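Visitor: Structure provided below as C-alpha cells; questions to follow.
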Amino acid sequence: MDKISIRGGIALQGDIKISGAKNAALPLMTACLLTDKPLKLINVPELSDVESMAELLSQLGVVINIEKNADHQTIEFCAKNLLSTTAAYDVVRKMRASVLVLGPLVARSGEAHVSLPGGCAIGIRPIDLHLKGLQALGATITLEDGYVHAKAPQGLVGTTFTFPIVSVTGTENLLMAATLAKGETRLINAAREPEITDLAHCLNSMGAKISGIGTDTLIIEGVDCLHEATHQVISDRIETGTYAMAAALTGGNIRLKGTRFDLIPTVAHLLQQAGVHLEQEEKDLIVKAPSSQRLQGVDAMTEPFPGFATDLQAQWMALMSLAEGASMITETIWENRFMHVPELCRMGANITVHGASALVRGVKGLKGAPVMATDLRASVSLVLAGLIAEGETLVNRVYHLDRGYEKVEEKLRACGADIERVR
Ligand code: UD1
C-alpha cells in the first residue's frame with residue numbers, strides 16, 4: 001500500500017493551483033440524473049471519489065466522456081437512458097456522497113433504491129433529514145434489507161421543509177429533487193456552503209428556477225424538465241485552507257492560484273489573528289507566515305458555513321500544535337473527529353481532549369514518526385505536521401488522501417517540500 005514520506009523543516013515557497021472542489025463536483029455529477037440531455041462539467045478534480053461517483057453513475061446508465069488537458073479535466077455526463085435506479089451497498093459504503101443520487105433519481109424516475117450508508121470513522125452520519133424532506137415532497141419511503149426505497153410514481157409535489165439542523169448533503173438532495181416537483185418548494189434553514197451555491201447556479205443553467213441562492217431559504221419553482229448545460233466547478237475551499245495552513249506552519253510564502261478569500265471567511269480571519277498575512281491579488285490568494293515570531297494560539301469552533309469548516313479542523317490543530325500559547329478547538333458537527341490527536345501527540349504535540357473540545361498547548365517543535373489516520377482530513381493534517389517535523393514522517397493509508405487531494409505531493413514538492421510517495 002502506498003505511503004507518503006516527508007522530511008520536514010523546509011519553508012514552502014512558490015505557487016499552488018487550487019483544484020476544482022470535490023464537495024461541489026460530486027453533487028454536480030449527480031445532477032446529470034435530472035435530465036436526458038448532456039451536462040458538461042469543467043474543472044472536475046482527478047480524485048478517487050470522482051472516479052467512484054462516475055462508476056456509480058455509469059452503473060445507472062449514464063454515458064460519460066472524459067477530456068483531460070494539462071490544466072484541468074472536463075467530464076460530460078448524459079443520462080439519456082437510465083438502466084437502473086439502485087445504488088448498491090458496495091459503492092455507498094465506500095463513498096457517502098453516493099446518497100446524492102436519491103433525490104435526482106426519485107424526481108426523474110419516480111423511484112430510487114439506495115443503500116443506507118451506515119456509520120463511518122467520523123461519526124454516525126444519519127440521512128433521516130433527507131428522507132423526511134423527500135416524504136414532505138410526497139415520496140413514500142420504506143426501509144428494507146439495509147436499503148432506502150423511495151417512490152413517487154406520480155411525481156414529487158412542492159412543499160415547505162424546515163431543516164432542524166443544517167445539513168449539506170440533505171440540502172443538496174432536496175434542492176435537486178425539488179427542481180422537478182410540481183409547484184413551489186421552500187427549503188428553510190438550508191445549508192449555505194459555497195458548494196450549494198455552485199449546485200444551485202448549475203441547476204439554474206439547466207433550466208431550474210431557484211432563488212434565495214446563498215441564503216438559508218431556498219425557493220424552488222418546479223419545472224417539467226431540465227436541459228443541457230455546461231458548468232465550471234468552483235475552487236476547492238478546503239484545499240485552499242489546507243495549503244494556506246501549510247504555508248503558515250512552515251514559515252513559508254505561497255501564492256494559491258485561482259481561489260478566493262470569501263470561500264474561507266472564518267478561517268482567513270483566524271489565520272490573520274494567528275499572525276499570518278493574507279492578501280487577495282486578483283484571482284490568487286497570497287499567504288505569508290510572519291518572518292520572525294511564532295504564530296499565536298487562536299481558538300476555533302467548527303460550524304456550518306460561513307463558520308469554520310469541520311473539514312479544516314484537523315489541519316488547524318496541526319497548525320496550533322506549534323503556536324505560542326494555547327488554543328481550544330471545538331468540533332460541533334461530528335462526534336468522533338479527533339482521530340488525528342493521538343497521531344499528532346506521537347509526533348510531540350501536546351493535546352488533551354475533553355468531550356467535543358481539544359486543548360492544544362503549543363510546543364516548539366515536532367518530531368517525524370510513522371503515522372496513520374482513518375479519514376481524509378485527518379490524513380492531510382499529518383502531512384502538514386510532517387512538513388515541519390524534524391526527520392522523516394511516514395504517512396500510511398494514503399488512499400484517504402487520494403479521495404480528496406489532487407496531486408498533493410506534486411503540489412507541495414513544487415513549493416520546495418521534501419515529499420515523495422513510496423510504493
Ligand atoms: C458535513 C459537513 C460538511 C463536510 C462533510 C464532510 C457541515 C454542516 N457539514 O457534511 O461541511 O464537508 O460533513 O466532513 O459542516 N445530520 C442528521 N441527519 C441527517 C443529515 C445530517 O442528523 O439526515 C447531522 C449529522 O449527524 C451532522 C450534521 O447534521 O451532525 C451535519 O451533517 P451534514 O451536513 O448532512 O453532513 P455532510 O453533508 O456529510
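By order in the C-alpha cells, chains are A, B, ...; within a chain, residues start at 1; ligands start at 1, following the order shown.
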Could you go through range 40-251 of chain A and tell me which residues DSSP, when run on the backbone, assigns to strand (DSSP E or B), listing them as JSON, numbers by chain?
Guide: {"A": [40, 41, 42, 63, 64, 65, 66, 67, 68, 73, 74, 75, 76, 77, 78, 86, 87, 111, 112, 113, 114, 115, 120, 123, 140, 141, 142, 143, 144, 147, 148, 149, 150, 151, 157, 160, 161, 162, 182, 184, 185, 186, 187, 188, 209, 210, 211, 217, 218, 219, 220, 221, 229, 230, 231, 232, 235]}
Visitor: Around ligand 1, out to 10 Å and counting only C-alpha atoms and all ligand atoms, which residues are there? I want them as a VMD selection string.
Guide: chain A and resid 22 to 24 96 to 97 99 to 100 119 122 to 133 163 to 173 190 to 193 195 238 302 to 313 331 to 335 337 375 to 377
Visitor: Next, the residues of the selection above should be written as a short mmCIF file (atom, residue, chain, number, x, y, z; two decimals), in the first residue's frame with C-alpha atoms.
Guide:
```cif
data_model
loop_
_atom_site.label_atom_id
_atom_site.label_comp_id
_atom_site.auth_asym_id
_atom_site.auth_seq_id
_atom_site.Cartn_x
_atom_site.Cartn_y
_atom_site.Cartn_z
CA LYS A 22 -14.53 17.70 -4.58
CA ASN A 23 -17.56 18.58 -2.48
CA ALA A 24 -19.00 20.63 -5.32
CA ARG A 96 -21.19 8.52 1.41
CA ALA A 97 -21.81 11.14 -1.26
CA VAL A 99 -26.59 9.08 -1.29
CA LEU A 100 -26.87 12.17 -3.53
CA GLY A 119 -21.51 4.86 10.14
CA ILE A 122 -16.02 10.46 11.88
CA GLY A 123 -19.46 9.67 13.22
CA ILE A 124 -22.89 8.13 12.73
CA ARG A 125 -23.78 10.27 9.70
CA PRO A 126 -27.56 9.73 9.54
CA ILE A 127 -29.74 10.59 6.49
CA ASP A 128 -33.06 10.91 8.33
CA LEU A 129 -33.47 14.54 7.20
CA HIS A 130 -33.03 13.61 3.52
CA LEU A 131 -35.80 11.04 3.97
CA LYS A 132 -38.14 13.37 5.92
CA GLY A 133 -37.66 16.02 3.24
CA PHE A 163 -34.21 21.55 8.44
CA PRO A 164 -33.95 21.24 12.24
CA ILE A 165 -30.15 21.23 11.82
CA VAL A 166 -28.07 22.40 8.90
CA SER A 167 -27.25 19.52 6.55
CA VAL A 168 -25.12 19.99 3.46
CA THR A 169 -25.94 16.76 1.59
CA GLY A 170 -29.52 16.92 2.86
CA THR A 171 -29.94 20.39 1.32
CA GLU A 172 -28.35 19.21 -1.93
CA ASN A 173 -30.57 16.13 -2.23
CA ALA A 190 -30.85 25.29 4.25
CA ALA A 191 -27.06 24.95 4.25
CA ARG A 192 -25.25 27.94 2.70
CA GLU A 193 -21.94 26.28 1.80
CA GLU A 195 -20.83 24.10 -2.94
CA ILE A 238 -10.79 23.03 1.83
CA THR A 302 -16.45 24.23 13.71
CA GLU A 303 -19.80 25.46 12.39
CA PRO A 304 -21.82 25.39 9.17
CA PHE A 305 -20.70 27.93 6.52
CA PRO A 306 -19.75 30.76 6.85
CA GLY A 307 -18.30 29.39 10.10
CA PHE A 308 -15.10 27.40 10.47
CA ALA A 309 -15.35 24.27 8.27
CA THR A 310 -15.18 20.91 10.05
CA ASP A 311 -13.07 19.74 7.10
CA LEU A 312 -10.29 22.14 8.21
CA GLN A 313 -10.35 21.31 11.92
CA GLU A 331 -15.91 20.21 16.98
CA THR A 332 -19.67 20.75 16.75
CA ILE A 333 -20.50 18.90 13.50
CA TRP A 334 -19.11 15.39 14.03
CA GLU A 335 -18.92 13.43 17.27
CA ARG A 337 -13.44 13.75 14.64
CA ASP A 375 -10.13 9.80 7.38
CA LEU A 376 -9.28 12.21 4.63
CA ARG A 377 -8.79 15.44 6.56
#
```
Visitor: Name all residues at most 12 Å from Asp90 in chain A (count only C-alpha atoms; drop same-chain ones fewer than 6 positions away) and give them as a ChimeraX atom specification.
Guide: /A:52,55-56,96,98,114-118,146-147
Visitor: Do a neighbour search on Thr35 in chain A at 7 Å with only C-alpha atoms, toss out local chain neighbours closer than 2 positions, and write the hits as a list in words.
Guide: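 Near neighbours after the sequence-gap exclusion: Cys32, Leu33, Lys37, Ala79, Cys225, Leu226 and His227 of chain A.
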Visitor: Those same residues, written as a PDB file, in the first residue's frame with N, CA, C and O atoms?
Guide:
```
ATOM      1  N   CYS A  32     -26.753  15.340 -13.184  1.00  0.00           N
ATOM      2  CA  CYS A  32     -26.972  14.878 -14.571  1.00  0.00           C
ATOM      3  C   CYS A  32     -28.162  13.923 -14.650  1.00  0.00           C
ATOM      4  O   CYS A  32     -28.760  13.750 -15.708  1.00  0.00           O
ATOM      5  N   LEU A  33     -28.498  13.287 -13.498  1.00  0.00           N
ATOM      6  CA  LEU A  33     -29.604  12.313 -13.499  1.00  0.00           C
ATOM      7  C   LEU A  33     -30.963  12.988 -13.685  1.00  0.00           C
ATOM      8  O   LEU A  33     -31.957  12.317 -13.947  1.00  0.00           O
ATOM      9  N   LYS A  37     -30.639  15.178 -21.180  1.00  0.00           N
ATOM     10  CA  LYS A  37     -29.701  15.943 -22.017  1.00  0.00           C
ATOM     11  C   LYS A  37     -28.318  15.989 -21.342  1.00  0.00           C
ATOM     12  O   LYS A  37     -28.221  15.795 -20.131  1.00  0.00           O
ATOM     13  N   ALA A  79     -27.449  11.251 -19.178  1.00  0.00           N
ATOM     14  CA  ALA A  79     -28.332  10.241 -18.571  1.00  0.00           C
ATOM     15  C   ALA A  79     -29.573  10.075 -19.447  1.00  0.00           C
ATOM     16  O   ALA A  79     -30.701  10.151 -18.962  1.00  0.00           O
ATOM     17  N   CYS A 225     -39.060  19.885 -17.043  1.00  0.00           N
ATOM     18  CA  CYS A 225     -37.826  19.154 -17.383  1.00  0.00           C
ATOM     19  C   CYS A 225     -36.651  20.123 -17.388  1.00  0.00           C
ATOM     20  O   CYS A 225     -36.834  21.345 -17.473  1.00  0.00           O
ATOM     21  N   LEU A 226     -35.469  19.557 -17.279  1.00  0.00           N
ATOM     22  CA  LEU A 226     -34.242  20.364 -17.325  1.00  0.00           C
ATOM     23  C   LEU A 226     -33.549  20.083 -18.651  1.00  0.00           C
ATOM     24  O   LEU A 226     -33.846  19.088 -19.318  1.00  0.00           O
ATOM     25  N   HIS A 227     -32.610  20.970 -19.021  1.00  0.00           N
ATOM     26  CA  HIS A 227     -31.960  20.796 -20.323  1.00  0.00           C
ATOM     27  C   HIS A 227     -30.440  20.764 -20.212  1.00  0.00           C
ATOM     28  O   HIS A 227     -29.879  20.816 -19.111  1.00  0.00           O
TER      29      HIS A 227
END
```
Visitor: Do a neighbour search on His277 in chain A at 12 Å with only C-alpha atoms, toss out local chain neighbours closer than 5 positions, and write the hits as a VMD selection string.
Guide: chain A and resid 244 to 245 247 to 248 251 to 255 268 to 272 285 to 291 295
Visitor: Deliver the residues from the most recent selection as a file, using N, CA, C and O atoms, as a PDB file, in the first residue's frame.
Guide:
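Below is the file that was written, selection.pdb:
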```pdb
ATOM      1  N   ALA A 244      -3.025  27.005   2.728  1.00  0.00           N
ATOM      2  CA  ALA A 244      -2.735  28.254   3.460  1.00  0.00           C
ATOM      3  C   ALA A 244      -2.105  27.892   4.806  1.00  0.00           C
ATOM      4  O   ALA A 244      -1.128  28.507   5.245  1.00  0.00           O
ATOM      5  N   MET A 245      -2.641  26.853   5.449  1.00  0.00           N
ATOM      6  CA  MET A 245      -2.087  26.444   6.744  1.00  0.00           C
ATOM      7  C   MET A 245      -0.702  25.829   6.577  1.00  0.00           C
ATOM      8  O   MET A 245       0.159  25.979   7.428  1.00  0.00           O
ATOM      9  N   ALA A 247       1.519  26.760   4.386  1.00  0.00           N
ATOM     10  CA  ALA A 247       2.441  27.893   4.256  1.00  0.00           C
ATOM     11  C   ALA A 247       2.709  28.486   5.629  1.00  0.00           C
ATOM     12  O   ALA A 247       3.856  28.747   6.009  1.00  0.00           O
ATOM     13  N   ALA A 248       1.629  28.673   6.410  1.00  0.00           N
ATOM     14  CA  ALA A 248       1.754  29.303   7.727  1.00  0.00           C
ATOM     15  C   ALA A 248       2.618  28.450   8.657  1.00  0.00           C
ATOM     16  O   ALA A 248       3.496  28.949   9.352  1.00  0.00           O
ATOM     17  N   GLY A 251       6.436  28.494   7.905  1.00  0.00           N
ATOM     18  CA  GLY A 251       7.092  29.803   7.811  1.00  0.00           C
ATOM     19  C   GLY A 251       7.264  30.212   6.361  1.00  0.00           C
ATOM     20  O   GLY A 251       8.209  30.919   6.009  1.00  0.00           O
ATOM     21  N   GLY A 252       6.360  29.777   5.503  1.00  0.00           N
ATOM     22  CA  GLY A 252       6.524  29.979   4.069  1.00  0.00           C
ATOM     23  C   GLY A 252       5.755  31.152   3.486  1.00  0.00           C
ATOM     24  O   GLY A 252       5.183  31.989   4.205  1.00  0.00           O
ATOM     25  N   ASN A 253       5.731  31.169   2.161  1.00  0.00           N
ATOM     26  CA  ASN A 253       5.121  32.251   1.394  1.00  0.00           C
ATOM     27  C   ASN A 253       4.608  31.637   0.087  1.00  0.00           C
ATOM     28  O   ASN A 253       5.390  31.250  -0.766  1.00  0.00           O
ATOM     29  N   ILE A 254       3.295  31.478  -0.023  1.00  0.00           N
ATOM     30  CA  ILE A 254       2.724  30.757  -1.170  1.00  0.00           C
ATOM     31  C   ILE A 254       1.657  31.591  -1.867  1.00  0.00           C
ATOM     32  O   ILE A 254       0.901  32.311  -1.212  1.00  0.00           O
ATOM     33  N   ARG A 255       1.612  31.442  -3.180  1.00  0.00           N
ATOM     34  CA  ARG A 255       0.524  32.036  -3.960  1.00  0.00           C
ATOM     35  C   ARG A 255      -0.442  30.901  -4.306  1.00  0.00           C
ATOM     36  O   ARG A 255      -0.069  29.954  -4.994  1.00  0.00           O
ATOM     37  N   ALA A 268      -9.825  32.449   7.246  1.00  0.00           N
ATOM     38  CA  ALA A 268      -8.925  33.541   6.871  1.00  0.00           C
ATOM     39  C   ALA A 268      -8.776  34.510   8.047  1.00  0.00           C
ATOM     40  O   ALA A 268      -7.669  34.940   8.382  1.00  0.00           O
ATOM     41  N   HIS A 269      -9.888  34.803   8.704  1.00  0.00           N
ATOM     42  CA  HIS A 269      -9.864  35.731   9.839  1.00  0.00           C
ATOM     43  C   HIS A 269      -9.009  35.148  10.974  1.00  0.00           C
ATOM     44  O   HIS A 269      -8.183  35.842  11.578  1.00  0.00           O
ATOM     45  N   LEU A 270      -9.191  33.848  11.257  1.00  0.00           N
ATOM     46  CA  LEU A 270      -8.427  33.229  12.348  1.00  0.00           C
ATOM     47  C   LEU A 270      -6.940  33.143  12.002  1.00  0.00           C
ATOM     48  O   LEU A 270      -6.082  33.320  12.870  1.00  0.00           O
ATOM     49  N   LEU A 271      -6.632  32.887  10.720  1.00  0.00           N
ATOM     50  CA  LEU A 271      -5.218  32.856  10.309  1.00  0.00           C
ATOM     51  C   LEU A 271      -4.591  34.234  10.554  1.00  0.00           C
ATOM     52  O   LEU A 271      -3.471  34.340  11.050  1.00  0.00           O
ATOM     53  N   GLN A 272      -5.347  35.281  10.228  1.00  0.00           N
ATOM     54  CA  GLN A 272      -4.817  36.635  10.438  1.00  0.00           C
ATOM     55  C   GLN A 272      -4.596  36.899  11.927  1.00  0.00           C
ATOM     56  O   GLN A 272      -3.586  37.465  12.325  1.00  0.00           O
ATOM     57  N   LEU A 285      -4.674  34.046  -4.061  1.00  0.00           N
ATOM     58  CA  LEU A 285      -4.598  34.389  -2.637  1.00  0.00           C
ATOM     59  C   LEU A 285      -3.142  34.193  -2.205  1.00  0.00           C
ATOM     60  O   LEU A 285      -2.587  33.109  -2.382  1.00  0.00           O
ATOM     61  N   ILE A 286      -2.544  35.257  -1.656  1.00  0.00           N
ATOM     62  CA  ILE A 286      -1.141  35.172  -1.217  1.00  0.00           C
ATOM     63  C   ILE A 286      -1.147  34.906   0.286  1.00  0.00           C
ATOM     64  O   ILE A 286      -1.868  35.582   1.029  1.00  0.00           O
ATOM     65  N   VAL A 287      -0.363  33.944   0.718  1.00  0.00           N
ATOM     66  CA  VAL A 287      -0.302  33.603   2.148  1.00  0.00           C
ATOM     67  C   VAL A 287       1.149  33.695   2.599  1.00  0.00           C
ATOM     68  O   VAL A 287       2.021  33.015   2.049  1.00  0.00           O
ATOM     69  N   LYS A 288       1.403  34.544   3.606  1.00  0.00           N
ATOM     70  CA  LYS A 288       2.778  34.720   4.102  1.00  0.00           C
ATOM     71  C   LYS A 288       2.797  34.516   5.601  1.00  0.00           C
ATOM     72  O   LYS A 288       2.023  35.150   6.337  1.00  0.00           O
ATOM     73  N   ALA A 289       3.699  33.666   6.057  1.00  0.00           N
ATOM     74  CA  ALA A 289       3.852  33.470   7.506  1.00  0.00           C
ATOM     75  C   ALA A 289       4.641  34.651   8.059  1.00  0.00           C
ATOM     76  O   ALA A 289       5.390  35.281   7.316  1.00  0.00           O
ATOM     77  N   PRO A 290       4.489  34.970   9.347  1.00  0.00           N
ATOM     78  CA  PRO A 290       5.293  36.060   9.911  1.00  0.00           C
ATOM     79  C   PRO A 290       6.783  35.692   9.817  1.00  0.00           C
ATOM     80  O   PRO A 290       7.134  34.520   9.978  1.00  0.00           O
ATOM     81  N   SER A 291       7.638  36.687   9.561  1.00  0.00           N
ATOM     82  CA  SER A 291       9.040  36.350   9.281  1.00  0.00           C
ATOM     83  C   SER A 291       9.825  35.917  10.517  1.00  0.00           C
ATOM     84  O   SER A 291      10.629  34.999  10.446  1.00  0.00           O
ATOM     85  N   LEU A 295       3.606  31.829  15.442  1.00  0.00           N
ATOM     86  CA  LEU A 295       2.170  32.114  15.320  1.00  0.00           C
ATOM     87  C   LEU A 295       1.564  32.118  16.724  1.00  0.00           C
ATOM     88  O   LEU A 295       2.094  31.478  17.633  1.00  0.00           O
TER      89      LEU A 295
END
```
Visitor: I'd like the neighbourhood of Thr393 in chain A as a PyMOL selection string, where a residue qualifies if any of its atoms comes within 7 Å (using only C-alpha atoms), though same-chain residues fewer than 6 positions away should be ignored.
Guide: chain A and resi 5-7+368-370+386
Visitor: Any chance you can output those residues with C-alpha atoms as a PDB file, in the first residue's frame?
Guide:
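The file below, selection-v2.pdb, is the result:
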```pdb
ATOM      1  CA  SER A   5       7.381  10.094   3.117  1.00  0.00           C
ATOM      2  CA  ILE A   6       8.145  13.661   4.226  1.00  0.00           C
ATOM      3  CA  ARG A   7      11.331  15.204   5.578  1.00  0.00           C
ATOM      4  CA  GLY A 368       8.833  12.802  12.474  1.00  0.00           C
ATOM      5  CA  ALA A 369       7.218   9.384  13.044  1.00  0.00           C
ATOM      6  CA  PRO A 370       5.288   6.706  11.158  1.00  0.00           C
ATOM      7  CA  GLY A 386       5.305  16.159   8.693  1.00  0.00           C
TER       8      GLY A 386
END
```
Visitor: Which residue is closest to Gly8 in chain A? Choose from A:Gly183, A:Gly365, A:Gly404, A:Pro153 and count only C-alpha atoms.
Guide: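 Smallest separation from Gly8 in chain A among the options: A:Gly365.
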